[in-house]
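Visitor: So here's upload_23.txt (compact mmCIF, C-alpha atoms).
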```
# COMPACT_ATOMS: atom_id res chain seq x y z
CA MET C 1 49.16 110.89 113.92
CA LYS C 2 49.09 108.81 117.08
CA ASN C 3 50.43 105.85 115.09
CA THR C 4 53.28 107.89 113.72
CA ILE C 5 54.30 109.03 117.19
CA ILE C 6 54.23 105.45 118.49
CA THR C 7 56.29 104.16 115.55
CA ALA C 8 58.81 106.98 115.92
CA THR C 9 59.22 106.41 119.65
CA ALA C 10 59.56 102.66 119.13
CA THR C 11 62.17 103.21 116.40
CA VAL C 12 64.21 105.57 118.57
CA PHE C 13 63.98 103.12 121.47
CA MET C 14 65.11 100.22 119.33
CA LEU C 15 67.95 102.19 117.80
CA LEU C 16 69.14 102.96 121.30
CA LEU C 17 69.10 99.25 122.10
CA VAL C 18 70.66 98.02 118.87
CA PRO C 19 74.33 98.85 119.49
CA ASP C 20 74.19 97.09 122.82
CA THR C 21 72.53 93.91 121.68
CA LEU C 22 74.65 93.70 118.52
CA SER C 23 78.00 94.23 120.13
CA ALA C 24 77.41 91.70 122.87
CA GLY C 25 79.76 88.77 122.04
CA VAL C 26 80.97 90.30 118.81
CA GLU C 27 84.44 91.77 118.77
CA SER C 28 86.60 93.17 116.03
CA LEU C 29 89.73 91.24 115.19
CA ARG C 30 91.93 93.79 116.94
CA GLY C 31 89.99 93.25 120.20
CA ALA C 32 87.60 95.42 122.19
CA LEU C 33 89.98 98.34 122.23
CA PRO C 34 89.21 102.03 121.76
CA LEU C 35 89.90 103.12 118.20
CA ASP C 36 92.83 105.32 119.14
CA ALA C 37 94.52 102.77 121.41
CA PRO C 38 97.34 100.63 120.03
CA ALA C 39 96.38 97.06 119.15
CA LYS C 40 97.40 94.12 121.29
CA ILE C 41 100.90 92.82 120.55
CA PHE C 42 101.13 89.10 119.97
CA SER C 43 104.13 87.34 121.45
CA ALA C 44 106.71 86.41 118.84
CA LYS C 45 106.87 82.70 118.07
CA ARG C 46 110.20 80.97 117.79
CA GLN C 47 111.07 79.01 114.70
CA GLN C 48 111.51 75.26 115.16
CA LYS C 49 114.91 74.08 114.01
CA VAL C 50 115.06 70.33 113.81
CA GLU C 51 118.36 68.61 113.13
CA GLY C 52 117.81 65.95 110.49
CA GLY C 53 114.57 67.56 109.32
CA PHE C 54 110.91 67.14 110.19
CA GLU C 55 109.04 63.86 110.03
CA ARG C 56 106.88 63.74 106.92
CA SER C 57 103.19 62.97 107.26
CA TRP C 58 102.95 61.36 103.84
CA LYS C 59 105.35 60.60 101.04
CA GLN C 60 104.46 63.41 98.69
CA GLN C 61 104.43 66.10 101.35
CA PRO C 62 106.77 68.99 100.69
CA PRO C 63 109.00 68.69 103.78
CA PRO C 64 108.95 71.75 106.07
CA ILE C 65 112.16 73.78 106.27
CA PRO C 66 114.23 72.93 109.37
CA HIS C 67 116.55 75.98 109.21
CA GLU C 68 116.42 79.77 109.04
CA ILE C 69 115.52 81.27 105.69
CA ASP C 70 115.35 84.98 106.47
CA LYS C 71 118.66 85.58 104.70
CA ASP C 72 117.57 83.74 101.58
CA ARG C 73 116.25 85.56 98.54
CA ILE C 74 114.20 84.30 95.63
CA SER C 75 113.66 86.66 92.73
CA LEU C 76 113.73 86.58 88.95
CA ARG C 77 117.54 86.66 88.96
CA GLU C 78 118.61 84.72 92.01
CA ASN C 79 117.53 81.85 94.19
CA THR C 80 119.84 81.44 97.16
CA CYS C 81 118.24 78.12 98.20
CA LEU C 82 119.86 76.56 95.16
CA LYS C 83 123.30 77.51 96.48
CA CYS C 84 122.88 74.48 98.73
CA HIS C 85 120.06 72.35 97.36
CA SER C 86 120.72 72.18 93.62
CA LYS C 87 121.88 69.04 91.85
CA GLU C 88 125.42 70.45 91.42
CA ASN C 89 125.89 71.88 94.90
CA HIS C 90 124.05 69.73 97.40
CA GLU C 91 126.87 67.27 97.92
CA LYS C 92 129.58 69.74 98.84
CA GLU C 93 127.09 71.76 100.89
CA LYS C 94 126.04 68.62 102.79
CA ALA C 95 122.40 69.48 102.14
CA PRO C 96 119.63 67.20 100.87
CA GLU C 97 119.09 67.46 97.12
CA VAL C 98 115.76 68.85 95.94
CA GLY C 99 113.28 66.16 94.99
CA LYS C 100 113.83 64.51 91.58
CA SER C 101 110.43 65.95 90.65
CA HIS C 102 111.98 69.42 90.75
CA TYR C 103 113.89 68.75 87.54
CA ILE C 104 110.91 67.58 85.52
CA ASP C 105 108.65 69.88 83.56
CA ARG C 106 104.92 69.45 83.23
CA THR C 107 105.17 67.30 80.13
CA GLY C 108 107.39 64.88 82.04
CA LYS C 109 110.59 65.97 80.29
CA LYS C 110 113.82 65.82 82.35
CA LEU C 111 115.56 69.19 82.66
CA THR C 112 119.14 70.20 83.41
CA ARG C 113 118.05 73.32 85.29
CA ILE C 114 115.44 73.47 88.03
CA SER C 115 111.89 73.45 86.69
CA GLN C 116 110.11 76.79 86.41
CA ARG C 117 107.34 75.26 88.49
CA ARG C 118 109.73 74.73 91.38
CA TRP C 119 111.52 78.08 91.32
CA PHE C 120 109.57 79.70 94.15
CA CYS C 121 110.48 77.19 96.85
CA ASN C 122 108.49 78.78 99.66
CA GLN C 123 105.28 78.27 97.74
CA CYS C 124 105.48 74.71 99.03
CA HIS C 125 108.23 74.58 101.67
CA VAL C 126 107.81 76.67 104.80
CA PRO C 127 109.50 76.95 108.19
CA GLN C 128 107.51 75.95 111.28
CA VAL C 129 107.03 77.89 114.52
CA GLU C 130 106.31 76.61 118.00
CA ALA C 131 102.62 77.51 118.04
CA SER C 132 99.86 75.33 119.41
CA PRO C 133 97.12 74.70 116.84
CA LEU C 134 94.15 77.06 117.20
CA VAL C 135 91.67 74.23 116.75
CA GLY C 136 91.98 70.56 117.63
CA SER C 137 92.61 67.98 114.93
CA THR C 138 92.41 64.22 114.75
CA PHE C 139 94.79 64.01 111.76
CA GLN C 140 96.98 60.91 111.75
CA PRO C 141 100.06 60.76 109.51
CA LEU C 142 100.45 57.80 107.19
CA PRO C 143 102.94 55.27 108.49
CA GLN C 144 106.32 55.97 106.86
CA LYS C 145 108.98 53.60 105.80
CA LYS C 146 112.14 55.67 105.89
CA MET P 1 180.39 137.43 109.39
CA THR P 2 182.29 135.08 111.54
CA LEU P 3 181.49 131.46 111.65
CA GLN P 4 180.20 131.90 115.17
CA GLN P 5 177.74 134.62 114.12
CA MET P 6 176.48 132.51 111.26
CA GLY P 7 175.87 129.64 113.56
CA LYS P 8 173.94 131.88 115.91
CA MET P 9 171.70 133.22 113.13
CA ALA P 10 171.02 129.77 111.84
CA GLY P 11 170.05 128.74 115.34
CA ILE P 12 167.57 131.62 115.60
CA ALA P 13 166.10 130.87 112.18
CA THR P 14 165.87 127.11 112.58
CA LEU P 15 163.76 127.13 115.69
CA PRO P 16 160.77 129.06 114.24
CA LEU P 17 161.21 127.26 110.95
CA LEU P 18 161.18 123.98 112.70
CA ILE P 19 158.07 124.93 114.67
CA LEU P 20 156.38 126.26 111.53
CA GLY P 21 157.28 123.05 109.74
CA ILE P 22 155.86 120.91 112.49
CA VAL P 23 152.66 122.94 112.69
CA LEU P 24 152.21 122.88 108.91
CA GLY P 25 152.97 119.20 108.89
CA ILE P 26 150.36 118.51 111.51
CA ILE P 27 147.79 120.55 109.62
CA LEU P 28 148.54 118.93 106.27
CA TRP P 29 148.75 115.44 107.71
CA GLY P 30 145.61 116.11 109.68
CA SER P 31 143.62 117.37 106.73
CA PHE P 32 144.87 114.52 104.58
CA ASN P 33 143.67 112.02 107.11
CA TRP P 34 140.54 114.07 107.66
CA ALA P 35 139.73 113.87 103.95
CA LEU P 36 140.60 110.19 104.03
CA GLU P 37 138.17 109.61 106.85
CA LEU P 38 135.48 111.81 105.33
CA THR P 39 135.50 109.65 102.20
CA ASN P 40 135.41 106.59 104.43
CA THR P 41 131.86 106.93 105.66
CA GLU P 42 128.66 105.30 104.54
CA LYS P 43 127.22 108.76 103.91
CA PHE P 44 129.96 109.50 101.40
CA CYS P 45 129.55 106.13 99.65
CA ILE P 46 125.87 106.61 99.07
CA SER P 47 126.15 110.25 98.06
CA CYS P 48 126.48 108.81 94.55
CA HIS P 49 123.08 107.76 93.31
CA GLU P 50 124.71 104.77 91.62
CA MET P 51 125.36 103.33 95.07
CA GLU P 52 122.29 104.74 96.80
CA GLU P 53 119.77 103.32 94.32
CA ASN P 54 121.23 99.85 93.94
CA VAL P 55 123.54 98.28 96.49
CA TYR P 56 122.45 100.46 99.41
CA GLN P 57 118.80 99.47 99.04
CA GLU P 58 119.67 95.80 99.07
CA TYR P 59 122.14 96.09 101.92
CA GLN P 60 119.39 97.61 104.07
CA GLU P 61 117.54 94.29 104.03
CA THR P 62 120.51 92.36 105.41
CA GLY P 63 121.81 91.48 108.83
CA HIS P 64 124.83 93.71 108.46
CA PHE P 65 122.57 96.78 108.37
CA ASN P 66 120.00 95.89 110.95
CA ASN P 67 120.15 93.10 113.52
CA ARG P 68 119.35 91.95 117.02
CA THR P 69 122.49 93.37 118.63
CA GLY P 70 122.68 96.65 116.74
CA VAL P 71 126.26 96.27 115.51
CA ARG P 72 126.43 97.52 111.94
CA ALA P 73 128.97 96.85 109.22
CA THR P 74 129.09 99.90 106.95
CA CYS P 75 130.29 100.02 103.33
CA PRO P 76 133.92 100.94 104.15
CA ASP P 77 134.07 98.20 106.82
CA CYS P 78 133.83 95.65 104.03
CA HIS P 79 135.30 97.57 101.12
CA VAL P 80 138.22 99.61 102.49
CA PRO P 81 141.14 98.05 104.37
CA ARG P 82 141.75 99.44 107.84
CA GLU P 83 145.55 99.50 107.67
CA TRP P 84 146.72 102.94 106.60
CA ILE P 85 148.94 101.96 103.69
CA HIS P 86 146.34 99.63 102.18
CA LYS P 87 143.68 102.23 102.75
CA VAL P 88 145.62 104.83 100.77
CA ALA P 89 146.26 102.30 98.02
CA ARG P 90 142.53 101.60 97.79
CA LYS P 91 141.78 105.34 97.65
CA ILE P 92 144.23 105.77 94.79
CA ARG P 93 142.55 102.96 92.90
CA ALA P 94 139.26 104.76 93.53
CA THR P 95 140.27 107.36 90.95
CA ASN P 96 139.24 104.76 88.38
CA GLU P 97 135.79 104.82 89.94
CA LEU P 98 135.73 108.63 89.61
CA TYR P 99 136.49 108.27 85.91
CA HIS P 100 133.58 105.88 85.43
CA LYS P 101 131.36 108.16 87.49
CA LEU P 102 132.14 110.97 85.04
CA MET P 103 131.58 108.67 82.07
CA GLY P 104 128.27 107.48 83.52
CA THR P 105 129.24 103.82 83.13
CA ILE P 106 126.63 102.63 85.65
CA ASP P 107 124.37 105.66 86.01
CA THR P 108 121.08 103.80 85.48
CA PRO P 109 119.85 100.67 87.26
CA GLU P 110 119.93 98.87 83.90
CA LYS P 111 123.56 99.78 83.26
CA PHE P 112 124.40 98.86 86.82
CA GLU P 113 122.81 95.46 86.43
CA ALA P 114 124.67 94.91 83.17
CA ASN P 115 128.04 95.60 84.81
CA ARG P 116 127.25 94.04 88.12
CA LEU P 117 128.77 90.63 87.55
CA GLU P 118 132.10 92.20 86.60
CA LEU P 119 132.08 94.44 89.68
CA ALA P 120 131.18 91.56 91.96
CA MET P 121 133.97 89.44 90.46
CA HIS P 122 136.49 92.19 91.31
CA VAL P 123 135.39 92.12 94.94
CA TRP P 124 135.40 88.32 95.15
CA LYS P 125 138.86 88.18 93.63
CA THR P 126 140.25 90.78 96.03
CA MET P 127 138.73 89.04 99.03
CA LYS P 128 139.92 85.64 97.90
CA GLU P 129 143.45 87.03 97.52
CA ASN P 130 143.55 88.73 100.93
CA ASP P 131 141.88 85.81 102.75
CA SER P 132 138.69 87.85 103.36
CA HIS P 133 140.70 90.28 105.43
CA GLU P 134 137.85 92.76 105.86
CA CYS P 135 135.50 90.10 107.19
CA ARG P 136 138.17 88.98 109.61
CA ASN P 137 138.44 92.49 111.05
CA CYS P 138 135.20 91.65 112.81
CA HIS P 139 134.75 87.88 112.57
CA ASP P 140 137.12 85.17 113.70
CA PHE P 141 136.68 81.40 113.61
CA ASP P 142 138.42 81.20 117.00
CA SER P 143 135.76 83.34 118.66
CA MET P 144 132.85 81.43 117.14
CA ASP P 145 130.82 79.21 119.43
CA PHE P 146 129.92 76.39 117.05
CA GLU P 147 127.51 74.98 119.62
CA LYS P 148 125.42 78.09 119.27
CA GLN P 149 125.39 78.08 115.47
CA GLU P 150 122.92 76.23 113.34
CA PRO P 151 124.29 72.73 112.62
CA ARG P 152 124.58 73.52 108.91
CA SER P 153 126.82 76.52 109.73
CA ALA P 154 129.02 74.71 112.27
CA ASP P 155 129.53 71.72 109.94
CA ARG P 156 130.77 73.91 107.13
CA HIS P 157 132.94 76.06 109.38
CA GLU P 158 134.76 73.06 110.77
CA GLU P 159 135.36 71.99 107.20
CA ALA P 160 136.52 75.51 106.33
CA ILE P 161 139.13 75.45 109.09
CA ASP P 162 140.33 71.97 108.10
CA GLU P 163 140.60 72.82 104.41
CA GLY P 164 141.82 76.38 104.83
CA LYS P 165 138.87 77.96 103.06
CA THR P 166 138.10 81.64 103.31
CA CYS P 167 134.82 83.41 104.07
CA ILE P 168 134.13 84.65 100.55
CA ASP P 169 134.46 81.10 99.15
CA CYS P 170 131.06 80.40 100.68
CA HIS P 171 129.53 83.74 101.66
CA LYS P 172 128.75 85.52 98.43
CA GLY P 173 125.79 87.86 98.29
CA ILE P 174 125.64 88.48 102.04
CA ALA P 175 125.22 92.25 101.67
CA HIS P 176 123.86 92.62 98.13
CA HIS P 177 121.79 90.69 95.66
CA LEU P 178 123.66 88.30 93.41
CA PRO P 179 124.03 89.09 89.71
CA GLU P 180 122.42 86.74 87.23
CA GLY P 181 124.77 83.95 86.16
CA TRP P 182 127.06 84.51 89.15
CA GLU P 183 127.40 80.84 89.96
CA GLU P 184 128.69 79.77 86.56
CA ALA P 185 131.01 82.77 86.32
CA ALA P 186 132.46 82.33 89.80
CA LYS P 187 133.02 78.62 89.26
CA ALA P 188 134.73 79.25 85.93
CA ALA P 189 137.07 81.77 87.60
CA GLY P 190 137.87 79.34 90.41
CA LEU P 191 136.23 81.57 93.00
CA GLN P 192 133.58 79.02 93.96
CA ASP P 193 133.92 75.29 94.15
```
Written as structure tokens, that's how I'd like the structure from this file.

Guide:
Amino acid sequence: MKNTIITATATVFMLLLVPDTLSAGVESLRGALPLDAPAKIFSAKRQQKVEGGFERSWKQQPPPIPHEIDKDRISLRENTCLKCHSKENHEKEKAPEVGKSHYIDRTGKKLTRISQRRWFCNQCHVPQVEASPLVGSTFQPLPQKK
Amino acid sequence: MTLQQMGKMAGIATLPLLILGIVLGIILWGSFNWALELTNTEKFCISCHEMEENVYQEYQETGHFNNRTGVRATCPDCHVPREWIHKVARKIRATNELYHKLMGTIDTPEKFEANRLELAMHVWKTMKENDSHECRNCHDFDSMDFEKQEPRSADRHEEAIDEGKTCIDCHKGIAHHLPEGWEEAAKAAGLQD
């Protein structure tokens, strides 16, 4: 009986302590805010628009997109990127042509239309925003010959 | 009745008649224009499910519906001329649309999609012929600050001015999705270079 009382008291005591010790230093992703309070708003980051395009870090890197793409649409029926970047249109649109690799299928065959594997451009090409990296990095790009 | 009497009576009768005529005229003219304006609103355009389910949904994702400055271009802004005579002409042509509404030509999304290229070509052709008049009601090369545009926009606009190109030559699919095969069709019809 005495043992039971001691165990019960100890358990209650520990349970009282637990929330405090656990929550110290641990925070939910939305911050230490009451549940019914609105979450913190992050400041909007501006997109980087670089005339002439971004430097590439290595030859086979999909170059980042140096212009707005929020008006572009890629779906089963349409791909507005190709209005400017396709083999037929790039010259008159004064835009760089998609890589030669984009017209080759996986067996190495040359195609007249863009390869299925390259249809969803933003799988590989993305715009960049002016955000400082969250963690440091010692990455060094390969030297490029332009 | 002497001539003088007749003249007097005519004078008495003409005045009210004239007033009545003017009042009636104002009412008729007013209601005509009222009806014209009523059918010239976005609400009217999307009261047909054909428009509401297809083009309206897509238009809502674009900058002409929702943007930083809050200036909106509605359906009639781009599809109905502002000048009275052209507006009436467009409304008369709209009877053709009523016929197809009754026939159910595009009453499912599938039928709409099947006819979409043809419909789009009509619009492109009209805009090409009138030098993108509707766009120019709001936009004007002369008021554009090319410094503030993206380089890829400014470059092409300078070229457009030099070569006398019109907005729709380059800006297809700004308010709606593009139909499949649009590029080949437009190039074949000389609407896209």

Visitor: Would you mind listing, for every residue of chain P within 10 Å of chain C, the two atoms forming the shortest contact and the distance between them in Å to one decimal, using all atoms listed in the file, sorted by chain and ascending residue number, as JSON lines?

Guide:
```
{"residue": "P:Glu61", "atom": "CA", "partner": "C:Lys71", "partner_atom": "CA", "distance": 8.8}
{"residue": "P:Thr62", "atom": "CA", "partner": "C:Lys71", "partner_atom": "CA", "distance": 7.1}
{"residue": "P:Gly63", "atom": "CA", "partner": "C:Lys71", "partner_atom": "CA", "distance": 7.9}
{"residue": "P:Glu150", "atom": "CA", "partner": "C:His67", "partner_atom": "CA", "distance": 7.6}
{"residue": "P:Pro151", "atom": "CA", "partner": "C:Glu51", "partner_atom": "CA", "distance": 7.2}
{"residue": "P:Arg152", "atom": "CA", "partner": "C:Lys94", "partner_atom": "CA", "distance": 8.0}
{"residue": "P:Asp155", "atom": "CA", "partner": "C:Lys94", "partner_atom": "CA", "distance": 8.5}
{"residue": "P:Arg156", "atom": "CA", "partner": "C:Glu93", "partner_atom": "CA", "distance": 7.6}
{"residue": "P:Cys170", "atom": "CA", "partner": "C:Lys83", "partner_atom": "CA", "distance": 9.3}
{"residue": "P:Lys172", "atom": "CA", "partner": "C:Thr80", "partner_atom": "CA", "distance": 9.9}
{"residue": "P:Gly173", "atom": "CA", "partner": "C:Thr80", "partner_atom": "CA", "distance": 8.8}
{"residue": "P:Ile174", "atom": "CA", "partner": "C:Lys71", "partner_atom": "CA", "distance": 8.0}
{"residue": "P:Ala175", "atom": "CA", "partner": "C:Lys71", "partner_atom": "CA", "distance": 9.8}
{"residue": "P:His177", "atom": "CA", "partner": "C:Glu78", "partner_atom": "CA", "distance": 7.7}
{"residue": "P:Leu178", "atom": "CA", "partner": "C:Glu78", "partner_atom": "CA", "distance": 6.3}
{"residue": "P:Pro179", "atom": "CA", "partner": "C:Arg77", "partner_atom": "CA", "distance": 7.0}
{"residue": "P:Glu180", "atom": "CA", "partner": "C:Arg77", "partner_atom": "CA", "distance": 5.2}
{"residue": "P:Gly181", "atom": "CA", "partner": "C:Arg77", "partner_atom": "CA", "distance": 8.2}
{"residue": "P:Trp182", "atom": "CA", "partner": "C:Glu78", "partner_atom": "CA", "distance": 8.9}
{"residue": "P:Glu183", "atom": "CA", "partner": "C:Lys83", "partner_atom": "CA", "distance": 8.4}
{"residue": "P:Asp193", "atom": "CA", "partner": "C:Lys92", "partner_atom": "CA", "distance": 8.5}
```

Visitor: Which neighbours of stretch 126-141 of chain C fall inside 7 Å, counting only C-alpha atoms, when residues of the same chain fewer than 4 positions from it are skipped, and could you give them as a list in words?

Guide: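 Once the nearby chain positions are removed, what remains is Lys45, Arg46, Gln47, Gln48, Ser57, Trp58, Pro64, Ile65, Pro66 and Asn122 of chain C.
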
Visitor: Show which residues sit within 12 Å of P:Met144, as number ranges by chain. Count only C-alpha atoms, and ignore same-chain residues fewer than 5 positions away.

Guide: P: 136, 138-139, 149-150, 153-154, 157-158, 161

Visitor: Could you give me, as an mmCIF file with C-alpha atoms, keeping the file's coordinate frame, the residues that have an atom at most 12 Å away from the point (124.3, 93.9, 88.9) in the coordinates of the file, using only C-alpha atoms?

Guide:
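Resulting contents of result-v6.cif:
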```
data_model
loop_
_atom_site.group_PDB
_atom_site.id
_atom_site.type_symbol
_atom_site.label_atom_id
_atom_site.label_comp_id
_atom_site.auth_asym_id
_atom_site.auth_seq_id
_atom_site.Cartn_x
_atom_site.Cartn_y
_atom_site.Cartn_z
ATOM 1 C CA ARG C 77 117.540 86.660 88.960
ATOM 2 C CA GLU C 78 118.610 84.720 92.010
ATOM 3 C CA GLU P 50 124.710 104.770 91.620
ATOM 4 C CA MET P 51 125.360 103.330 95.070
ATOM 5 C CA GLU P 53 119.770 103.320 94.320
ATOM 6 C CA ASN P 54 121.230 99.850 93.940
ATOM 7 C CA VAL P 55 123.540 98.280 96.490
ATOM 8 C CA GLU P 58 119.670 95.800 99.070
ATOM 9 C CA ILE P 106 126.630 102.630 85.650
ATOM 10 C CA THR P 108 121.080 103.800 85.480
ATOM 11 C CA PRO P 109 119.850 100.670 87.260
ATOM 12 C CA GLU P 110 119.930 98.870 83.900
ATOM 13 C CA LYS P 111 123.560 99.780 83.260
ATOM 14 C CA PHE P 112 124.400 98.860 86.820
ATOM 15 C CA GLU P 113 122.810 95.460 86.430
ATOM 16 C CA ALA P 114 124.670 94.910 83.170
ATOM 17 C CA ASN P 115 128.040 95.600 84.810
ATOM 18 C CA ARG P 116 127.250 94.040 88.120
ATOM 19 C CA LEU P 117 128.770 90.630 87.550
ATOM 20 C CA GLU P 118 132.100 92.200 86.600
ATOM 21 C CA LEU P 119 132.080 94.440 89.680
ATOM 22 C CA ALA P 120 131.180 91.560 91.960
ATOM 23 C CA MET P 121 133.970 89.440 90.460
ATOM 24 C CA GLY P 173 125.790 87.860 98.290
ATOM 25 C CA HIS P 176 123.860 92.620 98.130
ATOM 26 C CA HIS P 177 121.790 90.690 95.660
ATOM 27 C CA LEU P 178 123.660 88.300 93.410
ATOM 28 C CA PRO P 179 124.030 89.090 89.710
ATOM 29 C CA GLU P 180 122.420 86.740 87.230
ATOM 30 C CA GLY P 181 124.770 83.950 86.160
ATOM 31 C CA TRP P 182 127.060 84.510 89.150
#
```

Visitor: Could you check how far atom CA of P:Thr126 sits from atom CA of P:Trp84, in Å to one decimal?

Guide: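 Value for the atom CA of P:Thr126-atom CA of P:Trp84 distance: 17.4 Å.
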
Visitor: Hey, what's within 12 Å of P:Thr74 if we count all atoms listed in the file and toss same-chain stuff fewer than 6 positions away? As a list in words, please?

Guide: Asn40, Thr41, Glu42, Lys43, Phe44, Cys45, Ile46, Val55, Tyr56, Tyr59, Gln60, Thr62, Gly63, His64, Phe65, Asn66, Val80, Glu134, Cys135, Cys138 and Ala175 of chain P

Visitor: Can I get the selection written as a short mmCIF file (atom, residue, chain, number, x, y, z; two decimals), in the coordinates of the input, with C-alpha atoms?

Guide:
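Now in result-v3.cif:
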```cif
data_model
loop_
_atom_site.label_atom_id
_atom_site.label_comp_id
_atom_site.auth_asym_id
_atom_site.auth_seq_id
_atom_site.Cartn_x
_atom_site.Cartn_y
_atom_site.Cartn_z
CA ASN P 40 135.41 106.59 104.43
CA THR P 41 131.86 106.93 105.66
CA GLU P 42 128.66 105.30 104.54
CA LYS P 43 127.22 108.76 103.91
CA PHE P 44 129.96 109.50 101.40
CA CYS P 45 129.55 106.13 99.65
CA ILE P 46 125.87 106.61 99.07
CA VAL P 55 123.54 98.28 96.49
CA TYR P 56 122.45 100.46 99.41
CA TYR P 59 122.14 96.09 101.92
CA GLN P 60 119.39 97.61 104.07
CA THR P 62 120.51 92.36 105.41
CA GLY P 63 121.81 91.48 108.83
CA HIS P 64 124.83 93.71 108.46
CA PHE P 65 122.57 96.78 108.37
CA ASN P 66 120.00 95.89 110.95
CA VAL P 80 138.22 99.61 102.49
CA GLU P 134 137.85 92.76 105.86
CA CYS P 135 135.50 90.10 107.19
CA CYS P 138 135.20 91.65 112.81
CA ALA P 175 125.22 92.25 101.67
#
```

Visitor: So how far away is atom CA of P:Asn130 from atom CA of P:Gly164, in Å?

Guide: 13.1 Å

Visitor: Determine the axis-aligned bounding box of all atoms of stretch 44-49 of chain C present in the file, pad each side by 3 Å, and express its centre and edge lengths in Å to one decimal place as JSON.

Guide:
```
{"center_x": 110.8, "center_y": 80.2, "center_z": 116.4, "size_x": 14.2, "size_y": 18.3, "size_z": 10.8}
```

Visitor: Kindly give the distance, in Å, that separates atom CA of P:Ser132 and atom CA of P:Thr39, rounded to a single decimal.

Guide: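 Computed distance, atom CA of P:Ser132 to atom CA of P:Thr39, equals 22.1 Å.
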